[in-house]
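**Q** One structure follows; several queries about it will come next.
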Amino acid sequence: MSLIARFNDAMAALKAYAHHPDPRVATANFFALLVASNQPFYPLYVYWTVGPEIGPTAWTFLSTPFFLAVPALSRWNTLVGRAMLPVAGIANTLLSAKVFGVASGVEIFLVPCAVLALLIFRPHERWIAAFPLAGVCFLAYFVLHGAYGAPFHLYSEAQYAALLRLNMMSAGGLTAFTALSFSTLLAEAEAAGSGKAAGGGIARD
């Protein structure tokens, strides 16, 4: 089997693993696998932008199994599966803040975690999942910022500036992609509603 064929098979398997009949759940699954697939490249990003001291990045891999488990959990319970996405993200962010120090700006990842928590749950699920998880993001920053103690590795001022830029760009890109994905999901729902209305009078939920 050729390398291209194997790659296509792997992509098909990942797509099947992330698939779910509920578009909101499928989107959460996709984001979980996206983050997990990007984590192996984070040491390279740090190497290229910060320097050769990439040892501390190994700690970020502790969260990878939890991101990978999101689609499997969603098949068992969609609420638990979706909740695992921001939970894994929050845990990874807090651990990274301890590992790298708050000067790295890694706490900015609490923003996309909060945004995801507010978007992946339906209105009737907000008080049991969305609001508490988003609240944890804000509470973690206000309570833990400056209270992590000494980081596992101290970088120079220039290296921390580079880490800050890297994390700001990564978190900003993830937040923007989250907004774009859910905007597309909303547009598809509106198009489907318009189709129902045109085909059968007033569309009802």
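Chains: A, B, ... in order of the structure tokens. Residues: from 1 per chain. Ligands: from 1, in order shown.
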Fewer than 3 positions away in the same chain doesn't count, so skip those; otherwise give me all residues within 9 Å of Gln159 in chain A, counting only C-alpha atoms, as JSON, numbers by chain.

**A** {"A": [49, 50, 51, 104, 155, 156, 162, 163, 164]}

**Q** For the interface of range 21-97 of chain A with range 126-144 of chain A (cut-off 12 Å, counting only C-alpha atoms), please tabulate each contacting residue of range 21-97 of chain A alongside its nearest pair of atoms and their separation in Å to one decimal, rows sorted by chain and increasing number, as a tab-separated table.

**A**
residue	atom	partner	partner_atom	distance
A:Thr78	CA	A:Ala129	CA	11.8
A:Leu79	CA	A:Ala129	CA	8.1
A:Val80	CA	A:Ala129	CA	9.2
A:Gly81	CA	A:Ala129	CA	11.4
A:Arg82	CA	A:Ala129	CA	9.3
A:Ala83	CA	A:Ala129	CA	7.0
A:Met84	CA	A:Leu133	CA	10.2
A:Leu85	CA	A:Leu133	CA	10.4
A:Pro86	CA	A:Leu133	CA	7.2
A:Val87	CA	A:Leu133	CA	7.5
A:Ala88	CA	A:Leu133	CA	11.1
A:Gly89	CA	A:Cys137	CA	9.8
A:Ile90	CA	A:Cys137	CA	6.8
A:Ala91	CA	A:Cys137	CA	9.9
A:Asn92	CA	A:Cys137	CA	11.8
A:Thr93	CA	A:Cys137	CA	9.7
A:Leu94	CA	A:Ala140	CA	8.0
A:Leu95	CA	A:Leu144	CA	11.2
A:Ala97	CA	A:Leu144	CA	9.3

**Q** Suppose we keep N, CA and C atoms; can you now write the selection as a PDB file, in the first residue's frame?

**A**
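Contents of out25.pdb, freshly written:
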ATOM      1  N   THR A  78     -23.092  12.277  25.341  1.00  0.00           N
ATOM      2  CA  THR A  78     -22.691  13.474  24.594  1.00  0.00           C
ATOM      3  C   THR A  78     -22.328  14.636  25.509  1.00  0.00           C
ATOM      4  N   LEU A  79     -22.998  14.754  26.640  1.00  0.00           N
ATOM      5  CA  LEU A  79     -22.695  15.849  27.564  1.00  0.00           C
ATOM      6  C   LEU A  79     -21.309  15.675  28.170  1.00  0.00           C
ATOM      7  N   VAL A  80     -21.007  14.463  28.615  1.00  0.00           N
ATOM      8  CA  VAL A  80     -19.702  14.185  29.221  1.00  0.00           C
ATOM      9  C   VAL A  80     -18.597  14.350  28.179  1.00  0.00           C
ATOM     10  N   GLY A  81     -18.836  13.856  26.969  1.00  0.00           N
ATOM     11  CA  GLY A  81     -17.835  13.969  25.918  1.00  0.00           C
ATOM     12  C   GLY A  81     -17.510  15.411  25.586  1.00  0.00           C
ATOM     13  N   ARG A  82     -18.541  16.225  25.435  1.00  0.00           N
ATOM     14  CA  ARG A  82     -18.295  17.641  25.142  1.00  0.00           C
ATOM     15  C   ARG A  82     -17.619  18.347  26.304  1.00  0.00           C
ATOM     16  N   ALA A  83     -18.012  17.999  27.529  1.00  0.00           N
ATOM     17  CA  ALA A  83     -17.415  18.644  28.701  1.00  0.00           C
ATOM     18  C   ALA A  83     -15.929  18.327  28.813  1.00  0.00           C
ATOM     19  N   MET A  84     -15.527  17.141  28.348  1.00  0.00           N
ATOM     20  CA  MET A  84     -14.124  16.768  28.446  1.00  0.00           C
ATOM     21  C   MET A  84     -13.233  17.709  27.645  1.00  0.00           C
ATOM     22  N   LEU A  85     -13.760  18.284  26.555  1.00  0.00           N
ATOM     23  CA  LEU A  85     -12.945  19.179  25.723  1.00  0.00           C
ATOM     24  C   LEU A  85     -12.464  20.403  26.505  1.00  0.00           C
ATOM     25  N   PRO A  86     -13.341  21.234  27.089  1.00  0.00           N
ATOM     26  CA  PRO A  86     -12.836  22.367  27.873  1.00  0.00           C
ATOM     27  C   PRO A  86     -12.127  21.944  29.152  1.00  0.00           C
ATOM     28  N   VAL A  87     -12.541  20.824  29.759  1.00  0.00           N
ATOM     29  CA  VAL A  87     -11.872  20.364  30.975  1.00  0.00           C
ATOM     30  C   VAL A  87     -10.410  20.033  30.682  1.00  0.00           C
ATOM     31  N   ALA A  88     -10.168  19.298  29.590  1.00  0.00           N
ATOM     32  CA  ALA A  88      -8.793  18.960  29.216  1.00  0.00           C
ATOM     33  C   ALA A  88      -8.011  20.219  28.870  1.00  0.00           C
ATOM     34  N   GLY A  89      -8.673  21.156  28.194  1.00  0.00           N
ATOM     35  CA  GLY A  89      -8.008  22.400  27.837  1.00  0.00           C
ATOM     36  C   GLY A  89      -7.640  23.226  29.051  1.00  0.00           C
ATOM     37  N   ILE A  90      -8.546  23.317  30.008  1.00  0.00           N
ATOM     38  CA  ILE A  90      -8.275  24.085  31.232  1.00  0.00           C
ATOM     39  C   ILE A  90      -7.133  23.442  32.012  1.00  0.00           C
ATOM     40  N   ALA A  91      -7.189  22.121  32.177  1.00  0.00           N
ATOM     41  CA  ALA A  91      -6.146  21.418  32.922  1.00  0.00           C
ATOM     42  C   ALA A  91      -4.785  21.595  32.256  1.00  0.00           C
ATOM     43  N   ASN A  92      -4.759  21.493  30.943  1.00  0.00           N
ATOM     44  CA  ASN A  92      -3.504  21.651  30.215  1.00  0.00           C
ATOM     45  C   ASN A  92      -2.961  23.076  30.361  1.00  0.00           C
ATOM     46  N   THR A  93      -3.854  24.048  30.337  1.00  0.00           N
ATOM     47  CA  THR A  93      -3.440  25.450  30.472  1.00  0.00           C
ATOM     48  C   THR A  93      -2.861  25.721  31.854  1.00  0.00           C
ATOM     49  N   LEU A  94      -3.511  25.224  32.887  1.00  0.00           N
ATOM     50  CA  LEU A  94      -3.027  25.457  34.245  1.00  0.00           C
ATOM     51  C   LEU A  94      -1.694  24.755  34.493  1.00  0.00           C
ATOM     52  N   LEU A  95      -1.565  23.536  33.977  1.00  0.00           N
ATOM     53  CA  LEU A  95      -0.290  22.824  34.107  1.00  0.00           C
ATOM     54  C   LEU A  95       0.818  23.574  33.369  1.00  0.00           C
ATOM     55  N   ALA A  97       0.941  26.732  32.771  1.00  0.00           N
ATOM     56  CA  ALA A  97       1.264  27.960  33.501  1.00  0.00           C
ATOM     57  C   ALA A  97       2.272  27.679  34.614  1.00  0.00           C
TER      58      ALA A  97
END

**Q** So that I can see what lies close to Tyr42 in chain A, please list as an MDAnalysis selection string the residues with an atom at most 12 Å from it, counting only C-alpha atoms and leaving out residues fewer than 2 positions away in the same chain.

**A** chainID A and resid 35:40 44:50 54:61 163 166:167 170

**Q** Using only C-alpha atoms, determine which residues lie at most 9 Å from Ala32 in chain A, disregarding the query and same-chain residues fewer than 6 positions distant; provide the list as a list in words.

**A**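 What passes the distance filter is Ala18, Phe66, Phe67, Leu68, Ala69, Val70, Pro71, Met84 and Leu85 of chain A.
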
**Q** Show which residues sit within 8 Å of Lys98 in chain A, as a list in words. Count only C-alpha atoms, and ignore same-chain residues fewer than 3 positions away.

**A**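 Result of the neighbour search: Leu94, Leu95, Gly101, Val102, Tyr148, Gly149, Ala150, Pro151 and Phe152 of chain A.
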
**Q** Rank nothing, just name the residue among A:Ile4, A:Ala103, A:Phe109, A:Ala187 nearest to Thr175 in chain A, using only C-alpha atoms.

**A**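 Smallest distance to Thr175 in chain A is found for A:Phe109.
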
**Q** Counting only C-alpha atoms, which of A:Leu73, A:Val111, A:Ala179, A:Met11 gets nearest to Ala26 in chain A?

**A**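 Counting only C-alpha atoms, the residue closest to Ala26 in chain A is A:Leu73.
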
**Q** Would you list, as a ChimeraX atom specification, the residues of chain A that end up in alpha helix (DSSP H) under DSSP run on this structure's backbone?

**A** /A:3-18,23-38,42-49,64-68,70-76,78-100,110-119,131-144,157-200

**Q** Under the rule that only C-alpha atoms are counted, which of A:Tyr160, A:Phe177, A:Phe121, A:Tyr17 is the nearest residue to Arg75 in chain A?

**A** A:Tyr17

**Q** Considering only C-alpha atoms, can you say which of A:His153, A:Arg6, A:Arg165, A:His145 comes closest to Glu107 in chain A?

**A**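 Checking each of A:His153, A:Arg6, A:Arg165, A:His145 against Glu107 in chain A, counting only C-alpha atoms, the winner is A:His145.
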
**Q** Just to confirm, what's the straight-line distance from CA of Leu174 in chain A to CA of Pro112 in chain A in Å (one decimal)?

**A**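 Interatomic distance, CA of Leu174 in chain A to CA of Pro112 in chain A: 6.6 Å.
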
**Q** Please report the interatomic distance between CA of Glu53 in chain A and CA of Met169 in chain A in Å with one decimal.

**A**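 So the two atoms, CA of Glu53 in chain A and CA of Met169 in chain A, lie 20.1 Å apart.
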
**Q** Nearest to Val106 in chain A: which of A:Ala171, A:Ala147, A:Leu118, A:Ala72 is it, counting only C-alpha atoms?

**A**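 The closest residue to Val106 in chain A is A:Ala171.
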